[in-house]
Amino acid sequence: MNSTEIRQTFLDFFKEKGHEIVKSASLVPKGDPTLLFTNAGMVQFKDYFLGKKTPSFRRAATSQKCLRAGGKASDIQNVGYTARHHTFFEMLGNFSFGDYFKREAIMMAWELFTERFKLPKERLWVTIFRDDDEAERLWRENTSISPERIIRLGEKDNFWQMGDTGPCGPCSEIIFDQGEGVGCGRSDCAVGCDCDRYLELWNLVFMQFERQLDGTLLPLPKPSIDTGMGLERISAILQNKKSNFDTDLFVPIIEIITSKSHINYGNNKNVDSSIRIIADHIRAVTFMLTDGVIPSNEGRGYVLRKIIRRAVAHGRLIGIEKPFFHTIMDDFIKFFAETFPEIKQERDTSYEFLKQEELGFFSTLDRALLRYQDIKEKASNNKLKGTDAFLLSDTFGMPREIIEDMTKRDGISVDWQKYEIEMEAQRERSKKVVSDFSTPFISESSIYLKLIKQIGITQFKGYNELETISEVKFLLKDGVGINELKQIEEGEIFLNITPFYAESGGQAGDIGIISSVDAEIDVLNTTKTADGLFIHHVKINKGKINVGDKVTCSVNRRNRNGTKRNHTATHLLQAMLRNLFGSHIKQAGSSVSAERLRFDYTHFKHLEDEEKLSLQRQINEKILENMKVETTEMAIDDAMNSGATALFGEKYGDKVRVVKIDDYSKELCGGTHCGNTGEIGSFIITSEGSIGSGLRRIEAITGIKALDYVSKKLGDIESISNILNTDNPSASVKSLHQRVRQLEKELEETKVQSASCDISNILNTVQLINGTKVLIIRKDGLNIKQLREFSDNLRDALRSGVIFAASILDGQANFISVVTKDLINKFNAGIIMQGATLIAQGKGGGRPDMAQGGTKVFDKTQAAMDKALEIIKTSALN
C-alpha cells in the first residue's frame with residue numbers, strides 16, 4: 001500500500017465506525033500559548049478533553065499535520081541520523097469524547113492492524129501500564145494476541161498526562177517486531193529496548209483520571225480516548241522498508257535532491273544523512289510557510305529559520321555550491337499537492353519567502369564555513385571553545401544545530417556550557433522582550449471560567465444597536481467579586497446584554513457610558529474571553545452600581561463611527577494591495593481604532609512613492625463609488641466556498657460573519673463596518689515600511705482625520721514657500737539639500753586631513769612587538785567612514801604592521817582594526833575586532849586584513865584598546 005492508500009484506509013475504517021473525519025488543523029495552534037506548534041493529533045481537541053467546549057460529535061478521526069522542532073518536543077538533532085525521526089510528520093488518530101473507552105479502542109486497533117492492514121499477528125506486541133489490570137484483561141478477551149506478548153511497563157513509557165495537573169491516564173502501545181536483523185543485535189533485546197527492532201506503531205491513551213495539585217488521581221466522569229500513529233512509521237512497515245526515508249513519502253524528494261545536485265545517495269554515510277536532512281526539512285518548511293509561519297528571530301519564525309539554514313548548510317557540506325533549497329519546493333508540491341491542496345494554493349508566497357531566506361543566508365555561509373575550518377584547526381584536544389561556537393552563531397548566523405552537525409562529523413566536542421553562558425549574556429544585552437503568543441482575548445483565568453458557568457456568556461447586540469437596557473450580572477474589582485462599585489472606583493462590569501463591541505480581530509473595544517438611576521459610569525474599554533464573556537472596564541463617575549441593577553448602555557457613536565471607517569478601509573486596502581501587487585499578499589496582522597488603522601502584510605519589497613500614490617488614489621476612487629457594504633452570517637464551509645478571504649491563524653467557529661464590499665472584497669470578519677464605502681470619506685497613507693523579513697506595514701487615517709492631516713501638510717508647504725520666498729518649494733529644498741551634502745562632504749575631508757596631518761607624530765607611538773610594528777591609537781570625533789580613511793592613511797605610512805584605531809563620537813565608540821597583507825598569515829583583524837568588541841559589550845567583525853565594529857558603552861573604549869593589544873601580543877609571540 002502506498003502512503004495515500006494507508007491514510008485513506010485509516011480514515012475510511014473509522015468513518016465506518018461512526019467517527020467524524022475532521023480536517024487537519026494548522027501547524028500553528030489556535031488559542032494555545034503553551035505550544036509553539038501542533039505536535040500531536042489531540043491538540044485541536046484539547047478544549048474538548050478539558051471540558052471547556054462541547055463537540056458536535058462524540059467520535060473523531062484525523063490525519064494531523066505535526067511538527068516537533070522547537071522546545072521540549074524537538075526531534076531536530078536526530079533527523080537524518082536515524083530511520084524514524086522527523087521534524088514534520090502526519091499523525092493518524094481516533095478520538096472518543098466520553099463515548100467509547102478501552103474495550104472499543106483496543107478492538108478497533110486490533111481489527112485495523114490485523115484485518116485491514118493485514119499485519120502478521122505473531123509480530124505484534126502490546127505494552128500496558130504496570131497497574132492497568134483492566135487493559136490486560138481487555139486485550140486477552142477481545143483480541144487474539146498471545147498473552148505472553150502483553151508487556152507491562154512503568155509510568156515513563158505507559159502513562160500519559162497533559163500537564164502537571166488535568167486529564168491523564170494509562171496508555172497501551174502496539175509494537176511491531178522488525179526481526180533480529182534490525183536494531184542492537186543484543187541477545188537480551190526485548191520490548192522496551194531503545195533500538196529499532198521493536199518499533200512503537202500506535203499509542204492508545206486511556207484518559208480516565210484528573211491529576212490534582214497534590215498528585216492524587218480522581219476518576220473522570222466521562223473517560224475519553226486519544227490515539228496516535230505516525231503515518232511515516234506505518235508506511236515503512238506496510239511497504240517492507242527498514243527506514244521511513246525509503247518509503248514513498250521520501251523517495252521522490254530524495255530523487256529530486258540527487259537529480260538536481262548530481263550527488264549519489266547510498267554511497268557515503270555523511271552524504272546520506274545530509275540528503276535525508278534536506279528531504280525532511282523541505283517538507284517541514286513548505287508546510288510551515290503554508291500555515292503562515294514567517295522566518296524571524298523569535299518564536300516560531302526562529303524555528304523555521306533554523307530549519308532552513310540547517311538544510312542549506314547541509315547542501316553546502318555535500319558540495320552544492322549554489323542556492324538550491326528553494327528550487328526543490330516546486331517538485332515537492334507537485335508530488336504532494338493532491339493530498340494537501342493548500343501547499344499549492346500558497347506556493348507563490350511560500351516560494352518567495354524561502355528563496356529570500358536562503359539567498360540571505362547563503363551570502364554568509366561560505367565565510368562561516370571558512371571560519372569554522374580556521375577554528376577547528378586551532379582547537380586543542382579536539383575540543384571547540386564555547387566562545388568560538390558562539391562566534392559562529394552570533395556573527396555568522398549559524399544555529400547551534402548546524403554547529404553540532406559539523407562537529408559531530410569531525411569528531412570534535414564543544415564546550416556547550418560556555419556557549420550557553422555567552423548566549424545568555426547576549427540575550428541580556430539585547431534587552432528585547434517579545435511575546436510570540438499574543439491573543440486578542442483575555443486569558444481564561446479561573447474567575448472568568450467560573451463566571452461563564454455562573455452567569456453565562458454575554459449577548460452582543462452591538463451590530464445593530466448602540467444602546468441597550470441591560471442588567472448587571474456581576475462586578476469585579478482587582479480580581480475579586482463584589483456587590484457594589486462606588487464613585488471614583490474602577491472595576492469590571494458583566495452584563496446580560498451589551499451593545500459594546502469587545503476588542504477582537506484587531507479591532508479596538510468600544511467606549512461609552514453605562515448609566516442607572518444612581519450612577520453614571522465611563523466604559524474605558526471592552527474586552528472578552530474566548531468563550532464570549534464580555535468584560536466592561538469601567539470607572540464610576542457618579543453614584544454607585546450594584547449587582548442586579550438595570551442600566552442603560554450607550555456606545556460612544558463618534559468613536560464607533562471612526563472605528564467603522566478605518567475597519568472598512570482596511571478591507572479595501574487588502575483587496576487593493578492584492579489587486580495591484582499580487583495574490584501572494586496576505587494579512588499578517590492589523591489594528592483598527594477610531595484614530596487610525598494599521599495593516600501588516602506579506603510582501604518582499606518596499607512600495608515606491610508612485611506605487612503608494614497609486615494605491616492611495618485607487619482606494620479613494622472606491623470610496624467615491626459609494627459601494628454597498630453587506631454583512632451576512634453563514635456556515636464556515638459555505639463562507640470559504642463562496643470565495644471569502646480568511647485571516648490565517650484566526651480560529652473561526654461553525655458560524656461566521658462575511659463582510660462583502662460589492663464585488664470587490666469579501667472577507668470573514670466579526671468587526672463593525674460602514675454601510676457603504678462613501679462613509680469612509682477619504683483615505684491617506686501616513687507611513688509604509690518593513691517590520692521584518694518579508695513583512696511590511698501600512699498605517700493610514702480616514703475621514704476628518706485624513707482631511708486634517710492633508711490641511712496641515714498644505715500649511716507646512718505654504719510656510720516653507722514663504723520662508724524661501726518661492727513658488728516651487730520642492731525645487732528650492734532639493735537645491736538646499738544638495739548644498740548641505742556638499743558642505744558635509746567637504747567637512748569630512750577636512751576632518752580626515754586634519755587627523756592625518758599628525759601622522760608623523762602618531763608614528764612615534766608605534767610599538768615593536770617581536771619584530772612587528774603595532775599601533776594602538778584613539779582619535780575622537782571621527783565617524784566610522786572617517787576612521788576607516790584615517791586608518792588607511794596610517795597603514796600606507798606604516799607599510800607593514802597591525803593597527804587598532806578607536807574614536808568616540810555622539811555617545812558611541814567606533815573601532816577599526818587593520819593588518820597589512822604581509823602579516824595576515826600571523827594576525828587576523830577580524831579576530832582582533834571580535835575580542836575587542838566583546839569586552840566592550842559591542843559588536844564587530846570583518847576580513848583578516850580589515851575589520852570594523854563599535855559599542856554604545858563608550859566608557860569601555862580603553863578596555864577594548866587594551867584587549868586588542870593583548871590579542872596582538874599573543875599572536876606575535878606564538
# chains A, B, ... in the order shown; residues from 1 in each chain; ligands from 1
>>> residues_around(residues="A:Ile447", least_positions_apart="3", cutoff="8 Å", atoms="only C-alpha atoms", output="PyMOL selection string")
chain A and resi 450-451+479
>>> write_last_selection(atoms="N, CA, C and O atoms", output="CSV table (one decimal), in the first residue's frame")
chain,number,residue,atom,x,y,z
A,450,LYS,N,-15.3,30.5,36.0
A,450,LYS,CA,-16.4,30.3,37.0
A,450,LYS,C,-17.6,31.2,36.6
A,450,LYS,O,-18.8,30.8,36.7
A,451,LEU,N,-17.3,32.4,36.2
A,451,LEU,CA,-18.4,33.3,35.8
A,451,LEU,C,-19.2,32.9,34.7
A,451,LEU,O,-20.4,33.0,34.6
A,479,GLY,N,-9.8,41.7,40.6
A,479,GLY,CA,-9.9,40.2,40.5
A,479,GLY,C,-10.8,39.6,41.5
A,479,GLY,O,-10.9,38.3,41.6
>>> atom_distance(atom1="atom CA of A:His737", atom2="atom CA of A:Thr686")
23.1 Å
>>> residues_around(residues="stretch 613-625 of chain A", least_positions_apart="3", cutoff="8 Å", atoms="only C-alpha atoms", output="number ranges by chain")
A: 572-573, 576-577, 580, 609-610, 677-685
>>> residues_around(residues="stretch 525-528 of chain A", least_positions_apart="3", cutoff="8 Å", atoms="only C-alpha atoms", output="PDB file with all heavy atoms, in the first residue's frame")
ATOM      1  N   PHE A 441      -7.869  37.931  23.031  1.00  0.00           N
ATOM      2  CA  PHE A 441      -8.786  37.564  24.093  1.00  0.00           C
ATOM      3  C   PHE A 441      -8.117  37.624  25.461  1.00  0.00           C
ATOM      4  O   PHE A 441      -6.934  37.384  25.606  1.00  0.00           O
ATOM      5  CB  PHE A 441      -9.340  36.160  23.871  1.00  0.00           C
ATOM      6  CG  PHE A 441     -10.090  36.016  22.579  1.00  0.00           C
ATOM      7  CD1 PHE A 441      -9.625  35.159  21.599  1.00  0.00           C
ATOM      8  CD2 PHE A 441     -11.227  36.754  22.345  1.00  0.00           C
ATOM      9  CE1 PHE A 441     -10.304  35.024  20.392  1.00  0.00           C
ATOM     10  CE2 PHE A 441     -11.917  36.628  21.146  1.00  0.00           C
ATOM     11  CZ  PHE A 441     -11.458  35.770  20.169  1.00  0.00           C
ATOM     12  N   ILE A 442      -8.926  37.923  26.461  1.00  0.00           N
ATOM     13  CA  ILE A 442      -8.460  37.880  27.839  1.00  0.00           C
ATOM     14  C   ILE A 442      -8.220  36.423  28.222  1.00  0.00           C
ATOM     15  O   ILE A 442      -8.974  35.534  27.856  1.00  0.00           O
ATOM     16  CB  ILE A 442      -9.510  38.508  28.771  1.00  0.00           C
ATOM     17  CG1 ILE A 442      -9.730  39.981  28.401  1.00  0.00           C
ATOM     18  CG2 ILE A 442      -9.111  38.366  30.223  1.00  0.00           C
ATOM     19  CD1 ILE A 442      -8.517  40.856  28.550  1.00  0.00           C
ATOM     20  N   PHE A 500     -21.698  47.080  23.453  1.00  0.00           N
ATOM     21  CA  PHE A 500     -20.276  47.432  23.339  1.00  0.00           C
ATOM     22  C   PHE A 500     -19.505  46.308  22.637  1.00  0.00           C
ATOM     23  O   PHE A 500     -19.479  45.169  23.099  1.00  0.00           O
ATOM     24  CB  PHE A 500     -19.665  47.674  24.723  1.00  0.00           C
ATOM     25  CG  PHE A 500     -20.237  48.861  25.436  1.00  0.00           C
ATOM     26  CD1 PHE A 500     -21.233  48.701  26.396  1.00  0.00           C
ATOM     27  CD2 PHE A 500     -19.786  50.137  25.152  1.00  0.00           C
ATOM     28  CE1 PHE A 500     -21.762  49.787  27.058  1.00  0.00           C
ATOM     29  CE2 PHE A 500     -20.305  51.238  25.811  1.00  0.00           C
ATOM     30  CZ  PHE A 500     -21.310  51.070  26.765  1.00  0.00           C
ATOM     31  N   TYR A 501     -18.865  46.663  21.519  1.00  0.00           N
ATOM     32  CA  TYR A 501     -18.022  45.699  20.810  1.00  0.00           C
ATOM     33  C   TYR A 501     -16.769  45.443  21.640  1.00  0.00           C
ATOM     34  O   TYR A 501     -16.120  46.376  22.130  1.00  0.00           O
ATOM     35  CB  TYR A 501     -17.638  46.247  19.426  1.00  0.00           C
ATOM     36  CG  TYR A 501     -16.779  45.296  18.615  1.00  0.00           C
ATOM     37  CD1 TYR A 501     -17.366  44.328  17.808  1.00  0.00           C
ATOM     38  CD2 TYR A 501     -15.383  45.365  18.664  1.00  0.00           C
ATOM     39  CE1 TYR A 501     -16.590  43.445  17.070  1.00  0.00           C
ATOM     40  CE2 TYR A 501     -14.599  44.490  17.934  1.00  0.00           C
ATOM     41  CZ  TYR A 501     -15.217  43.531  17.136  1.00  0.00           C
ATOM     42  OH  TYR A 501     -14.432  42.651  16.419  1.00  0.00           O
ATOM     43  N   ALA A 502     -16.424  44.170  21.812  1.00  0.00           N
ATOM     44  CA  ALA A 502     -15.243  43.808  22.599  1.00  0.00           C
ATOM     45  C   ALA A 502     -14.024  43.663  21.693  1.00  0.00           C
ATOM     46  O   ALA A 502     -14.127  43.136  20.578  1.00  0.00           O
ATOM     47  CB  ALA A 502     -15.490  42.506  23.347  1.00  0.00           C
ATOM     48  N   GLU A 503     -12.907  44.134  22.167  1.00  0.00           N
ATOM     49  CA  GLU A 503     -11.650  44.066  21.412  1.00  0.00           C
ATOM     50  C   GLU A 503     -11.397  42.658  20.892  1.00  0.00           C
ATOM     51  O   GLU A 503     -11.306  41.696  21.651  1.00  0.00           O
ATOM     52  CB  GLU A 503     -10.502  44.484  22.325  1.00  0.00           C
ATOM     53  CG  GLU A 503      -9.127  44.425  21.668  1.00  0.00           C
ATOM     54  CD  GLU A 503      -8.007  44.744  22.641  1.00  0.00           C
ATOM     55  OE1 GLU A 503      -8.292  45.316  23.709  1.00  0.00           O
ATOM     56  OE2 GLU A 503      -6.852  44.417  22.332  1.00  0.00           O
ATOM     57  N   SER A 504     -11.298  42.522  19.576  1.00  0.00           N
ATOM     58  CA  SER A 504     -11.000  41.229  18.950  1.00  0.00           C
ATOM     59  C   SER A 504     -10.786  41.444  17.464  1.00  0.00           C
ATOM     60  O   SER A 504     -11.217  42.451  16.897  1.00  0.00           O
ATOM     61  CB  SER A 504     -12.147  40.221  19.168  1.00  0.00           C
ATOM     62  OG  SER A 504     -13.357  40.701  18.626  1.00  0.00           O
ATOM     63  N   GLY A 509     -11.794  47.802  21.324  1.00  0.00           N
ATOM     64  CA  GLY A 509     -13.074  47.697  22.007  1.00  0.00           C
ATOM     65  C   GLY A 509     -13.777  49.040  22.092  1.00  0.00           C
ATOM     66  O   GLY A 509     -13.149  50.104  22.077  1.00  0.00           O
ATOM     67  N   ASP A 510     -15.102  48.996  22.195  1.00  0.00           N
ATOM     68  CA  ASP A 510     -15.902  50.222  22.304  1.00  0.00           C
ATOM     69  C   ASP A 510     -15.686  50.904  23.647  1.00  0.00           C
ATOM     70  O   ASP A 510     -15.349  50.273  24.658  1.00  0.00           O
ATOM     71  CB  ASP A 510     -17.392  49.892  22.168  1.00  0.00           C
ATOM     72  CG  ASP A 510     -17.835  49.801  20.712  1.00  0.00           C
ATOM     73  OD1 ASP A 510     -17.177  50.416  19.851  1.00  0.00           O
ATOM     74  OD2 ASP A 510     -18.839  49.106  20.445  1.00  0.00           O
ATOM     75  N   ILE A 511     -15.933  52.227  23.646  1.00  0.00           N
ATOM     76  CA  ILE A 511     -16.031  53.005  24.870  1.00  0.00           C
ATOM     77  C   ILE A 511     -17.422  53.627  24.906  1.00  0.00           C
ATOM     78  O   ILE A 511     -18.165  53.560  23.926  1.00  0.00           O
ATOM     79  CB  ILE A 511     -14.943  54.097  24.944  1.00  0.00           C
ATOM     80  CG1 ILE A 511     -15.068  55.052  23.749  1.00  0.00           C
ATOM     81  CG2 ILE A 511     -13.560  53.468  24.977  1.00  0.00           C
ATOM     82  CD1 ILE A 511     -14.118  56.248  23.820  1.00  0.00           C
ATOM     83  N   ASP A 531     -14.565  32.486  25.143  1.00  0.00           N
ATOM     84  CA  ASP A 531     -15.886  31.855  25.162  1.00  0.00           C
ATOM     85  C   ASP A 531     -17.032  32.848  25.072  1.00  0.00           C
ATOM     86  O   ASP A 531     -18.199  32.444  25.072  1.00  0.00           O
ATOM     87  CB  ASP A 531     -16.044  31.011  26.432  1.00  0.00           C
ATOM     88  CG  ASP A 531     -15.244  29.716  26.350  1.00  0.00           C
ATOM     89  OD1 ASP A 531     -15.124  29.188  25.241  1.00  0.00           O
ATOM     90  OD2 ASP A 531     -14.750  29.251  27.385  1.00  0.00           O
ATOM     91  N   GLY A 532     -16.734  34.151  25.005  1.00  0.00           N
ATOM     92  CA  GLY A 532     -17.796  35.123  24.786  1.00  0.00           C
ATOM     93  C   GLY A 532     -18.323  35.826  26.013  1.00  0.00           C
ATOM     94  O   GLY A 532     -19.450  36.332  26.005  1.00  0.00           O
ATOM     95  N   LEU A 533     -17.535  35.880  27.084  1.00  0.00           N
ATOM     96  CA  LEU A 533     -17.909  36.655  28.263  1.00  0.00           C
ATOM     97  C   LEU A 533     -17.329  38.058  28.094  1.00  0.00           C
ATOM     98  O   LEU A 533     -16.115  38.242  28.088  1.00  0.00           O
ATOM     99  CB  LEU A 533     -17.357  35.992  29.525  1.00  0.00           C
ATOM    100  CG  LEU A 533     -17.677  36.697  30.850  1.00  0.00           C
ATOM    101  CD1 LEU A 533     -19.175  36.605  31.160  1.00  0.00           C
ATOM    102  CD2 LEU A 533     -16.862  36.102  31.991  1.00  0.00           C
ATOM    103  N   PHE A 534     -18.198  39.076  27.960  1.00  0.00           N
ATOM    104  CA  PHE A 534     -17.757  40.447  27.729  1.00  0.00           C
ATOM    105  C   PHE A 534     -17.384  41.101  29.057  1.00  0.00           C
ATOM    106  O   PHE A 534     -18.107  40.977  30.052  1.00  0.00           O
ATOM    107  CB  PHE A 534     -18.848  41.259  27.052  1.00  0.00           C
ATOM    108  CG  PHE A 534     -18.968  41.019  25.574  1.00  0.00           C
ATOM    109  CD1 PHE A 534     -19.176  39.738  25.069  1.00  0.00           C
ATOM    110  CD2 PHE A 534     -18.870  42.073  24.678  1.00  0.00           C
ATOM    111  CE1 PHE A 534     -19.287  39.511  23.709  1.00  0.00           C
ATOM    112  CE2 PHE A 534     -18.982  41.864  23.305  1.00  0.00           C
ATOM    113  CZ  PHE A 534     -19.187  40.576  22.818  1.00  0.00           C
ATOM    114  N   ILE A 535     -16.251  41.803  29.052  1.00  0.00           N
ATOM    115  CA  ILE A 535     -15.739  42.461  30.249  1.00  0.00           C
ATOM    116  C   ILE A 535     -15.712  43.959  29.985  1.00  0.00           C
ATOM    117  O   ILE A 535     -14.975  44.437  29.114  1.00  0.00           O
ATOM    118  CB  ILE A 535     -14.321  41.958  30.588  1.00  0.00           C
ATOM    119  CG1 ILE A 535     -14.311  40.428  30.684  1.00  0.00           C
ATOM    120  CG2 ILE A 535     -13.824  42.590  31.882  1.00  0.00           C
ATOM    121  CD1 ILE A 535     -12.916  39.822  30.618  1.00  0.00           C
ATOM    122  N   HIS A 536     -16.499  44.708  30.716  1.00  0.00           N
ATOM    123  CA  HIS A 536     -16.574  46.158  30.562  1.00  0.00           C
ATOM    124  C   HIS A 536     -15.686  46.791  31.631  1.00  0.00           C
ATOM    125  O   HIS A 536     -15.987  46.700  32.824  1.00  0.00           O
ATOM    126  CB  HIS A 536     -18.018  46.632  30.702  1.00  0.00           C
ATOM    127  CG  HIS A 536     -18.962  45.945  29.761  1.00  0.00           C
ATOM    128  ND1 HIS A 536     -19.527  44.720  30.049  1.00  0.00           N
ATOM    129  CD2 HIS A 536     -19.406  46.291  28.528  1.00  0.00           C
ATOM    130  CE1 HIS A 536     -20.295  44.336  29.039  1.00  0.00           C
ATOM    131  NE2 HIS A 536     -20.245  45.273  28.098  1.00  0.00           N
ATOM    132  N   HIS A 537     -14.583  47.394  31.207  1.00  0.00           N
ATOM    133  CA  HIS A 537     -13.631  48.014  32.125  1.00  0.00           C
ATOM    134  C   HIS A 537     -14.107  49.451  32.381  1.00  0.00           C
ATOM    135  O   HIS A 537     -14.174  50.265  31.447  1.00  0.00           O
ATOM    136  CB  HIS A 537     -12.235  48.003  31.517  1.00  0.00           C
ATOM    137  CG  HIS A 537     -11.776  46.628  31.132  1.00  0.00           C
ATOM    138  ND1 HIS A 537     -11.005  45.835  31.954  1.00  0.00           N
ATOM    139  CD2 HIS A 537     -12.000  45.884  30.006  1.00  0.00           C
ATOM    140  CE1 HIS A 537     -10.759  44.672  31.349  1.00  0.00           C
ATOM    141  NE2 HIS A 537     -11.363  44.678  30.178  1.00  0.00           N
ATOM    142  N   VAL A 538     -14.433  49.742  33.622  1.00  0.00           N
ATOM    143  CA  VAL A 538     -15.177  50.973  33.894  1.00  0.00           C
ATOM    144  C   VAL A 538     -14.562  51.796  35.020  1.00  0.00           C
ATOM    145  O   VAL A 538     -13.757  51.302  35.817  1.00  0.00           O
ATOM    146  CB  VAL A 538     -16.644  50.651  34.269  1.00  0.00           C
ATOM    147  CG1 VAL A 538     -17.330  49.878  33.157  1.00  0.00           C
ATOM    148  CG2 VAL A 538     -16.708  49.862  35.587  1.00  0.00           C
TER     149      VAL A 538
END
>>> select_by_dssp(residues="stretch 497-702 of chain A", states="strand (DSSP E)", output="PyMOL selection string")
chain A and resi 497-498+512-515+519-528+534-546+550-555+587-592+597-602+629-635+655-661+665-668+683-692+695-702
>>> residues_around(residues="A:Ile277", least_positions_apart="5", cutoff="8 Å", atoms="only C-alpha atoms", output="PDB file with all heavy atoms, in the first residue's frame")
ATOM      1  N   VAL A  79      17.145  14.052  13.369  1.00  0.00           N
ATOM      2  CA  VAL A  79      16.680  13.935  11.982  1.00  0.00           C
ATOM      3  C   VAL A  79      17.857  13.751  11.029  1.00  0.00           C
ATOM      4  O   VAL A  79      18.834  14.494  11.070  1.00  0.00           O
ATOM      5  CB  VAL A  79      15.865  15.182  11.582  1.00  0.00           C
ATOM      6  CG1 VAL A  79      15.548  15.158  10.090  1.00  0.00           C
ATOM      7  CG2 VAL A  79      14.581  15.264  12.389  1.00  0.00           C
ATOM      8  N   GLY A  80      17.750  12.758  10.196  1.00  0.00           N
ATOM      9  CA  GLY A  80      18.792  12.464   9.220  1.00  0.00           C
ATOM     10  C   GLY A  80      19.745  11.384   9.680  1.00  0.00           C
ATOM     11  O   GLY A  80      20.396  10.730   8.862  1.00  0.00           O
ATOM     12  N   ALA A 311      19.181  22.998   6.500  1.00  0.00           N
ATOM     13  CA  ALA A 311      19.103  22.327   5.198  1.00  0.00           C
ATOM     14  C   ALA A 311      20.094  22.936   4.212  1.00  0.00           C
ATOM     15  O   ALA A 311      20.796  22.217   3.482  1.00  0.00           O
ATOM     16  CB  ALA A 311      17.680  22.420   4.654  1.00  0.00           C
ATOM     17  N   HIS A 314      23.657  21.908   5.039  1.00  0.00           N
ATOM     18  CA  HIS A 314      23.962  20.520   4.671  1.00  0.00           C
ATOM     19  C   HIS A 314      24.119  20.375   3.160  1.00  0.00           C
ATOM     20  O   HIS A 314      24.904  19.534   2.693  1.00  0.00           O
ATOM     21  CB  HIS A 314      22.891  19.580   5.214  1.00  0.00           C
ATOM     22  CG  HIS A 314      23.166  19.139   6.610  1.00  0.00           C
ATOM     23  ND1 HIS A 314      23.997  18.081   6.916  1.00  0.00           N
ATOM     24  CD2 HIS A 314      22.762  19.647   7.798  1.00  0.00           C
ATOM     25  CE1 HIS A 314      24.077  17.942   8.227  1.00  0.00           C
ATOM     26  NE2 HIS A 314      23.331  18.886   8.793  1.00  0.00           N
TER      27      HIS A 314
END
>>> closest_atom_pairs(of="stretch 54-149 of chain A", to="stretch 176-184 of chain A", cutoff="7 Å", atoms="only C-alpha atoms", output="Markdown table")
| residue | atom | partner | partner_atom | distance |
| --- | --- | --- | --- | --- |
| A:Arg123 | CA | A:Asp177 | CA | 5.1 |
| A:Leu124 | CA | A:Phe176 | CA | 4.9 |
| A:Trp125 | CA | A:Phe176 | CA | 6.3 |
>>> atom_distance(atom1="atom CA of A:Gly835", atom2="atom CA of A:Ser791")
19.0 Å
